[in-house]
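**Student:** Pasting target-v2.cif below, which is mmCIF, C-alpha atoms; chains and numbers go by the auth columns.
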data_start
#
loop_
_atom_site.group_PDB
_atom_site.id
_atom_site.type_symbol
_atom_site.label_atom_id
_atom_site.label_comp_id
_atom_site.label_asym_id
_atom_site.label_seq_id
_atom_site.Cartn_x
_atom_site.Cartn_y
_atom_site.Cartn_z
_atom_site.B_iso_or_equiv
_atom_site.auth_seq_id
_atom_site.auth_asym_id
ATOM 1 C CA MET A 1 28.911 -19.270 7.816 0.00 1 A
ATOM 2 C CA ASN A 2 26.936 -20.089 4.691 0.00 2 A
ATOM 3 C CA SER A 3 25.289 -23.497 4.255 0.00 3 A
ATOM 4 C CA GLU A 4 27.392 -24.453 1.238 0.00 4 A
ATOM 5 C CA PHE A 5 30.607 -24.034 3.221 0.00 5 A
ATOM 6 C CA SER A 6 29.238 -25.947 6.194 0.00 6 A
ATOM 7 C CA TRP A 7 28.124 -28.990 4.227 0.00 7 A
ATOM 8 C CA LYS A 8 31.426 -29.112 2.356 0.00 8 A
ATOM 9 C CA ASP A 9 33.370 -28.722 5.590 0.00 9 A
ATOM 10 C CA GLY A 10 31.374 -31.492 7.285 0.00 10 A
ATOM 11 C CA ALA A 11 31.540 -33.785 4.261 0.00 11 A
ATOM 12 C CA ALA A 12 35.291 -33.217 3.932 0.00 12 A
ATOM 13 C CA ALA A 13 35.743 -34.092 7.609 0.00 13 A
ATOM 14 C CA ALA A 14 33.733 -37.290 7.116 0.00 14 A
ATOM 15 C CA LEU A 15 35.796 -38.210 4.059 0.00 15 A
ATOM 16 C CA ALA A 16 39.011 -37.578 6.000 0.00 16 A
ATOM 17 C CA ALA A 17 37.715 -39.829 8.800 0.00 17 A
ATOM 18 C CA TYR A 18 36.981 -42.566 6.247 0.00 18 A
ATOM 19 C CA ASP A 19 40.380 -42.145 4.591 0.00 19 A
ATOM 20 C CA GLY A 20 41.978 -42.370 8.038 0.00 20 A
ATOM 21 C CA GLY A 21 40.132 -45.598 8.843 0.00 21 A
ATOM 22 C CA ARG A 22 38.077 -44.052 11.653 0.00 22 A
ATOM 23 C CA ILE A 23 34.679 -44.670 10.029 0.00 23 A
ATOM 24 C CA ASP A 24 33.359 -47.192 7.522 0.00 24 A
ATOM 25 C CA LEU A 25 31.529 -46.656 4.227 0.00 25 A
ATOM 26 C CA GLU A 26 28.107 -46.804 5.873 0.00 26 A
ATOM 27 C CA ASP A 27 29.038 -44.061 8.343 0.00 27 A
ATOM 28 C CA LEU A 28 30.601 -41.997 5.560 0.00 28 A
ATOM 29 C CA ALA A 29 27.389 -42.204 3.532 0.00 29 A
ATOM 30 C CA ALA A 30 25.227 -41.231 6.506 0.00 30 A
ATOM 31 C CA ARG A 31 27.399 -38.305 7.554 0.00 31 A
ATOM 32 C CA ILE A 32 27.668 -36.804 4.082 0.00 32 A
ATOM 33 C CA LEU A 33 23.938 -37.157 3.501 0.00 33 A
ATOM 34 C CA VAL A 34 23.106 -35.498 6.833 0.00 34 A
ATOM 35 C CA HIS A 35 25.344 -32.505 6.073 0.00 35 A
ATOM 36 C CA VAL A 36 23.801 -32.000 2.637 0.00 36 A
ATOM 37 C CA GLU A 37 20.276 -32.601 3.884 0.00 37 A
ATOM 38 C CA GLU A 38 20.744 -29.893 6.521 0.00 38 A
ATOM 39 C CA ALA A 39 22.095 -27.464 3.912 0.00 39 A
ATOM 40 C CA THR A 40 19.395 -28.156 1.322 0.00 40 A
ATOM 41 C CA SER A 41 16.389 -29.099 3.479 0.00 41 A
ATOM 42 C CA GLY A 42 16.393 -32.407 1.627 0.00 42 A
ATOM 43 C CA ARG A 43 15.561 -30.849 -1.728 0.00 43 A
ATOM 44 C CA GLY A 44 17.195 -30.054 -5.012 0.00 44 A
ATOM 45 C CA GLU A 45 19.750 -31.461 -7.390 0.00 45 A
ATOM 46 C CA LEU A 46 22.634 -31.482 -4.904 0.00 46 A
ATOM 47 C CA TYR A 47 20.597 -33.452 -2.377 0.00 47 A
ATOM 48 C CA GLU A 48 19.430 -35.937 -5.031 0.00 48 A
ATOM 49 C CA THR A 49 22.999 -36.436 -6.261 0.00 49 A
ATOM 50 C CA VAL A 50 24.380 -36.963 -2.770 0.00 50 A
ATOM 51 C CA ARG A 51 21.521 -39.295 -1.857 0.00 51 A
ATOM 52 C CA ASP A 52 22.363 -41.431 -4.899 0.00 52 A
ATOM 53 C CA LEU A 53 26.062 -41.419 -3.983 0.00 53 A
ATOM 54 C CA ALA A 54 25.222 -42.346 -0.379 0.00 54 A
ATOM 55 C CA ASP A 55 23.130 -45.262 -1.674 0.00 55 A
ATOM 56 C CA GLU A 56 26.124 -46.437 -3.695 0.00 56 A
ATOM 57 C CA LEU A 57 28.449 -46.147 -0.690 0.00 57 A
ATOM 58 C CA GLU A 58 26.013 -48.182 1.398 0.00 58 A
ATOM 59 C CA ARG A 59 25.809 -50.818 -1.353 0.00 59 A
ATOM 60 C CA HIS A 60 29.594 -51.123 -1.359 0.00 60 A
ATOM 61 C CA HIS A 61 29.587 -51.322 2.447 0.00 61 A
ATOM 62 C CA ASP A 62 27.027 -54.144 2.327 0.00 62 A
ATOM 63 C CA LEU A 63 29.002 -55.996 -0.340 0.00 63 A
ATOM 64 C CA ARG A 64 32.100 -55.906 1.869 0.00 64 A
ATOM 65 C CA THR A 65 30.411 -56.721 5.191 0.00 65 A
ATOM 66 C CA SER A 66 27.649 -59.169 4.297 0.00 66 A
ATOM 67 C CA PRO A 67 28.007 -62.544 6.024 0.00 67 A
ATOM 68 C CA TRP A 68 27.021 -64.173 2.737 0.00 68 A
ATOM 69 C CA ASN A 69 30.001 -62.701 0.882 0.00 69 A
ATOM 70 C CA SER A 70 33.643 -63.602 1.204 0.00 70 A
ATOM 71 C CA PRO A 71 36.576 -61.280 0.462 0.00 71 A
ATOM 72 C CA GLU A 72 36.891 -63.045 -2.898 0.00 72 A
ATOM 73 C CA ASP A 73 33.396 -61.806 -3.802 0.00 73 A
ATOM 74 C CA VAL A 74 34.728 -58.240 -3.980 0.00 74 A
ATOM 75 C CA GLY A 75 36.531 -58.065 -7.292 0.00 75 A
ATOM 76 C CA PRO A 76 38.548 -55.462 -9.148 0.00 76 A
ATOM 77 C CA GLU A 77 35.417 -54.078 -10.827 0.00 77 A
ATOM 78 C CA ASP A 78 33.834 -53.492 -7.410 0.00 78 A
ATOM 79 C CA GLU A 79 36.966 -51.661 -6.262 0.00 79 A
ATOM 80 C CA ARG A 80 36.938 -49.481 -9.390 0.00 80 A
ATOM 81 C CA GLU A 81 33.255 -48.690 -8.870 0.00 81 A
ATOM 82 C CA LEU A 82 33.884 -47.719 -5.246 0.00 82 A
ATOM 83 C CA GLN A 83 36.807 -45.495 -6.215 0.00 83 A
ATOM 84 C CA ALA A 84 34.619 -43.811 -8.857 0.00 84 A
ATOM 85 C CA VAL A 85 31.939 -43.068 -6.236 0.00 85 A
ATOM 86 C CA LEU A 86 34.533 -41.714 -3.802 0.00 86 A
ATOM 87 C CA ASP A 87 35.988 -39.585 -6.603 0.00 87 A
ATOM 88 C CA ARG A 88 32.525 -38.131 -7.299 0.00 88 A
ATOM 89 C CA VAL A 89 32.100 -37.320 -3.598 0.00 89 A
ATOM 90 C CA ARG A 90 35.507 -35.596 -3.548 0.00 90 A
ATOM 91 C CA ALA A 91 34.639 -33.680 -6.717 0.00 91 A
ATOM 92 C CA LEU A 92 31.399 -32.373 -5.170 0.00 92 A
ATOM 93 C CA ILE A 93 33.252 -31.263 -2.055 0.00 93 A
ATOM 94 C CA GLU A 94 35.989 -29.628 -4.124 0.00 94 A
ATOM 95 C CA ASP A 95 33.430 -28.163 -6.553 0.00 95 A
ATOM 96 C CA ARG A 96 35.058 -29.681 -9.616 0.00 96 A
ATOM 97 C CA PRO A 97 33.657 -31.800 -12.463 0.00 97 A
ATOM 98 C CA THR A 98 34.259 -35.528 -12.747 0.00 98 A
ATOM 99 C CA GLU A 99 34.649 -37.671 -15.818 0.00 99 A
ATOM 100 C CA GLY A 100 31.580 -39.689 -16.619 0.00 100 A
ATOM 101 C CA ALA A 101 29.413 -37.894 -14.067 0.00 101 A
ATOM 102 C CA PRO A 102 25.913 -37.106 -15.293 0.00 102 A
#
Let me see the structure of the file written as structure tokens.

**Tutor:**
Amino acid sequence: MNSEFSWKDGAAAALAAYDGGRIDLEDLAARILVHVEEATSGRGELYETVRDLADELERHHDLRTSPWNSPEDVGPEDERELQAVLDRVRALIEDRPTEGAP
């Protein structure tokens, strides 16, 4: 099995677990990053992109779970930003471009 297939397979499984409510955003970020780090030895453009996306997922997790925030602190813009990050993760897994992605 080549490394590209394995990271995509693992990342897709993590995304499915998140979509199914079995893991949270923080776990999703960690699992995707681990799969890509193993495939890339923690180097290169793919790793850098996924590390940035994982940072964004963790930020959204913190926003939603911080004891200093209330549910009202997560607004529509935050939800749109999270959906955009998840869309970029899906696009990487599916090997397709995304709008607005650098």

**Student:** Dig up all the protein and nucleic acid residues within 12 Å of (31.4, -55.4, 4.4) in the file frame, using all atoms listed in the file, and format them as number ranges by chain.

**Tutor:** A: 24-26, 57-74

**Student:** In Å, how far is it from CA of Ile93 (chain A) to CA of Ala39 (chain A)?

**Tutor:** 13.2 Å

**Student:** Please list as a ChimeraX atom specification every residue within 9 Å of region 42-51 of chain A, counting all atoms listed in the file and excluding residues in the same chain fewer than 3 positions away.

**Tutor:** /A:29,32-33,36-39,54-56,89,92

**Student:** Rank nothing, just name the residue among A:Arg90, A:Ala17, A:Gly75, A:Thr40 nearest to Leu53 (chain A), using all atoms listed in the file.

**Tutor:**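 When distances to Leu53 (chain A) are compared using all atoms listed in the file, the smallest one comes from A:Arg90.
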
**Student:** What separation in Å, quoted to one decimal, exists between CA of Arg22 (chain A) and CA of Pro97 (chain A)?

**Tutor:**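 If I compute the distance from CA of Arg22 (chain A) to CA of Pro97 (chain A), I get 27.4 Å.
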
**Student:** Do you have the CA of Asp95 (chain A)-CA of Leu28 (chain A) distance handy?

**Tutor:** 18.6 Å

**Student:** Need the shell around Ala14 (chain A): protein/DNA/RNA residues with any atom at most 9 Å away, counting only C-alpha atoms. Skip same-chain ones fewer than 4 positions apart. Format as a ChimeraX atom specification?

**Tutor:** /A:9-10,18-19,23,27-29,31-32
